[in-house]
Amino acid sequence: MIRRAVTSLFSIAILLCIQASAQTVDEVIKKNIDAHGGVQKLKAVKSIKASGKIIQQGIEIPITLQQKRATMVRMDATFQGKSMVQAYDGETGWKIDPFQGSSDPEKVAGDGLKDLQEQSDIDGALVDYKAKGHTVELLGKEDVEGTPAYKLKLTLKNGDVRNIYIDADNYIELKVTSKRKTPGGEIDVDQYLGNYKPVNGLLFAFSIESKVKGQTVSQIVLDKIELDTAIEDSIFKMPAKPAEKPKTEEKKPPVHE
């Protein structure tokens, strides 16, 4: 009888710990969303247009990022007079990359498609994460360059994992870590978010620095973010490949008999 009572109390204690942990996770997420302006303001945004540059190995590449509800995204970059595009229209991911030998639009699959689908979430993965099929765990606290932060393990519906570090004082994201596949194998990428500025009552990071093994590999610096600008759905659609020109038959010289 006593053993059964002790076992029951132990089970209740475990259940309460699990519930407390879940409440703590949701509390941190709510405070993070509130720090950005609140869920109502976030969900009221119909489109986002950002412009700036990517800095890589000392080279600056102008970029434009456009997002539109529900799940559309497009990124344009210009380098050496050539235009690169990556886009997702809610169903199809595609790209134009003249540096890979072709200026024709091509479908994107695999990890590239998963990245576009993730970027197309205009609210961010933490908003309504359960309804989206994601899971989030609170792994405790860690220091991020001297700043105490909550460490959240976000497992996306597709199985990819992101570790999100949220400032324990103001509840904004400080760092996001992920694993990326490269020709040389899988690597850990750390993205440091900073230079937060308000735009129409919402808080956005205007700087994202990517590091591998502590070394900076690229940096995104935004100059401007606009909300609810008119963006046509058509820009997210994959354009048709230009029709091939019919081959003209070579004219043969007349034969004189």
# chains A, B, ... in the order shown; residues from 1 in each chain; ligands from 1
>>> closest_atom_pairs(of="range 132-243 of chain A", to="range 50-53 of chain A", cutoff="10 Å", atoms="only C-alpha atoms", output="Markdown table")
| residue | atom | partner | partner_atom | distance |
| --- | --- | --- | --- | --- |
| A:Phe206 | CA | A:Gly52 | CA | 9.0 |
| A:Ser207 | CA | A:Gly52 | CA | 9.7 |
| A:Gln219 | CA | A:Lys53 | CA | 8.2 |
| A:Ile220 | CA | A:Lys53 | CA | 5.9 |
| A:Val221 | CA | A:Lys53 | CA | 5.5 |
| A:Leu222 | CA | A:Gly52 | CA | 4.1 |
| A:Asp223 | CA | A:Gly52 | CA | 4.9 |
| A:Lys224 | CA | A:Ser51 | CA | 5.5 |
| A:Ile225 | CA | A:Ala50 | CA | 4.3 |
| A:Glu226 | CA | A:Ala50 | CA | 6.3 |
| A:Leu227 | CA | A:Ala50 | CA | 8.8 |
>>> write_last_selection(atoms="N, CA and C atoms", output="compact mmCIF listing (two decimals), in the first residue's frame")
# COMPACT_ATOMS: atom_id res chain seq x y z
N PHE A 206 18.18 43.61 -38.28
CA PHE A 206 18.69 44.17 -39.53
C PHE A 206 20.09 43.63 -39.85
N SER A 207 20.61 42.75 -39.02
CA SER A 207 21.93 42.16 -39.27
C SER A 207 21.93 40.69 -38.87
N GLN A 219 27.67 37.78 -44.07
CA GLN A 219 26.87 38.68 -43.24
C GLN A 219 25.80 39.31 -44.10
N ILE A 220 24.58 39.33 -43.57
CA ILE A 220 23.48 40.02 -44.23
C ILE A 220 23.23 41.33 -43.48
N VAL A 221 23.27 42.44 -44.20
CA VAL A 221 23.01 43.75 -43.61
C VAL A 221 21.85 44.37 -44.37
N LEU A 222 20.75 44.59 -43.68
CA LEU A 222 19.57 45.17 -44.31
C LEU A 222 19.56 46.69 -44.12
N ASP A 223 19.16 47.38 -45.18
CA ASP A 223 19.05 48.85 -45.13
C ASP A 223 17.62 49.29 -44.86
N LYS A 224 16.67 48.48 -45.35
CA LYS A 224 15.28 48.91 -45.29
C LYS A 224 14.35 47.70 -45.21
N ILE A 225 13.32 47.80 -44.38
CA ILE A 225 12.26 46.80 -44.32
C ILE A 225 10.93 47.52 -44.44
N GLU A 226 10.10 47.09 -45.38
CA GLU A 226 8.78 47.68 -45.59
C GLU A 226 7.71 46.62 -45.37
N LEU A 227 6.62 47.01 -44.72
CA LEU A 227 5.52 46.09 -44.45
C LEU A 227 4.31 46.46 -45.30
>>> select_by_dssp(residues="range 198-229 of chain A", states="strand (DSSP E or B)", output="list in words")
Pro198, Val199, Leu202, Leu203, Phe204, Ala205, Phe206, Ser207, Ile208, Glu209, Ser210, Lys211, Val212, Gln215, Thr216, Val217, Ser218, Gln219, Ile220, Val221, Leu222, Asp223, Lys224, Ile225, Glu226 and Leu227 of chain A
>>> residues_around(residues="Ala240 in chain A", least_positions_apart="2", cutoff="10 Å", atoms="only C-alpha atoms", output="list in words")
Asp104, Pro105, Glu106, Lys237, Met238, Pro242 and Ala243 of chain A
>>> write_last_selection(atoms="C-alpha atoms", output="PDB file, in the first residue's frame")
ATOM      1  CA  ASP A 104      16.814  29.434 -67.323  1.00  0.00           C
ATOM      2  CA  PRO A 105      14.509  28.835 -64.310  1.00  0.00           C
ATOM      3  CA  GLU A 106      14.931  25.435 -62.686  1.00  0.00           C
ATOM      4  CA  LYS A 237       5.611  31.800 -59.776  1.00  0.00           C
ATOM      5  CA  MET A 238       8.220  29.914 -61.741  1.00  0.00           C
ATOM      6  CA  PRO A 242      12.049  30.280 -73.122  1.00  0.00           C
ATOM      7  CA  ALA A 243      11.154  28.245 -76.165  1.00  0.00           C
TER       8      ALA A 243
END
>>> closest_residue(among="A:Lys49, A:Lys213, A:Lys41, A:Lys153", to="Ile187 in chain A", atoms="only C-alpha atoms")
A:Lys213
>>> atom_distance(atom1="CA of Gln215 in chain A", atom2="CA of Ile29 in chain A")
29.3 Å
>>> select_by_dssp(residues="range 1-204 of chain A", states="helix (DSSP H, G or I)", output="VMD selection string")
chain A and resid 2 to 35 39 to 44 98 to 100 110 to 119
>>> residues_around(residues="range 144-147 of chain A", least_positions_apart="3", cutoff="10 Å", atoms="only C-alpha atoms", output="ChimeraX atom specification")
/A:141,150-151,165-169,174-175,192
>>> closest_residue(among="A:Thr229, A:Thr216, A:Ser234, A:Ser120", to="Gln57 in chain A", atoms="only C-alpha atoms")
A:Thr216
>>> closest_residue(among="A:Asp228, A:Lys68, A:Leu202, A:Pro239", to="Ser103 in chain A", atoms="only C-alpha atoms")
A:Pro239
>>> closest_residue(among="A:Val28, A:Leu116, A:Ala109, A:Leu65", to="Gly140 in chain A", atoms="only C-alpha atoms")
A:Val28
>>> residues_around(residues="Lys181 in chain A", least_positions_apart="4", cutoff="12 Å", atoms="only C-alpha atoms", output="JSON, numbers by chain")
{"A": [110, 111, 112, 115, 160, 185, 186, 187, 188, 189]}
>>> closest_residue(among="A:Thr177, A:Asp26, A:Arg162, A:Thr64", to="Tyr129 in chain A", atoms="only C-alpha atoms")
A:Asp26
>>> residues_around(residues="Val176 in chain A", least_positions_apart="5", cutoff="6 Å", atoms="only C-alpha atoms", output="number ranges by chain")
A: 163-164, 190-191
>>> write_last_selection(atoms="N, CA and C atoms", output="PDB file, in the first residue's frame")
ATOM      1  N   ASN A 163      18.559  25.155 -33.099  1.00  0.00           N
ATOM      2  CA  ASN A 163      18.695  25.584 -31.714  1.00  0.00           C
ATOM      3  C   ASN A 163      18.590  27.105 -31.688  1.00  0.00           C
ATOM      4  N   ILE A 164      17.624  27.616 -30.949  1.00  0.00           N
ATOM      5  CA  ILE A 164      17.368  29.051 -30.898  1.00  0.00           C
ATOM      6  C   ILE A 164      17.731  29.565 -29.509  1.00  0.00           C
ATOM      7  N   ASP A 190      26.340  28.824 -37.262  1.00  0.00           N
ATOM      8  CA  ASP A 190      25.793  29.693 -36.222  1.00  0.00           C
ATOM      9  C   ASP A 190      25.416  31.028 -36.844  1.00  0.00           C
ATOM     10  N   GLN A 191      24.170  31.433 -36.668  1.00  0.00           N
ATOM     11  CA  GLN A 191      23.721  32.726 -37.170  1.00  0.00           C
ATOM     12  C   GLN A 191      23.449  33.651 -35.986  1.00  0.00           C
TER      13      GLN A 191
END
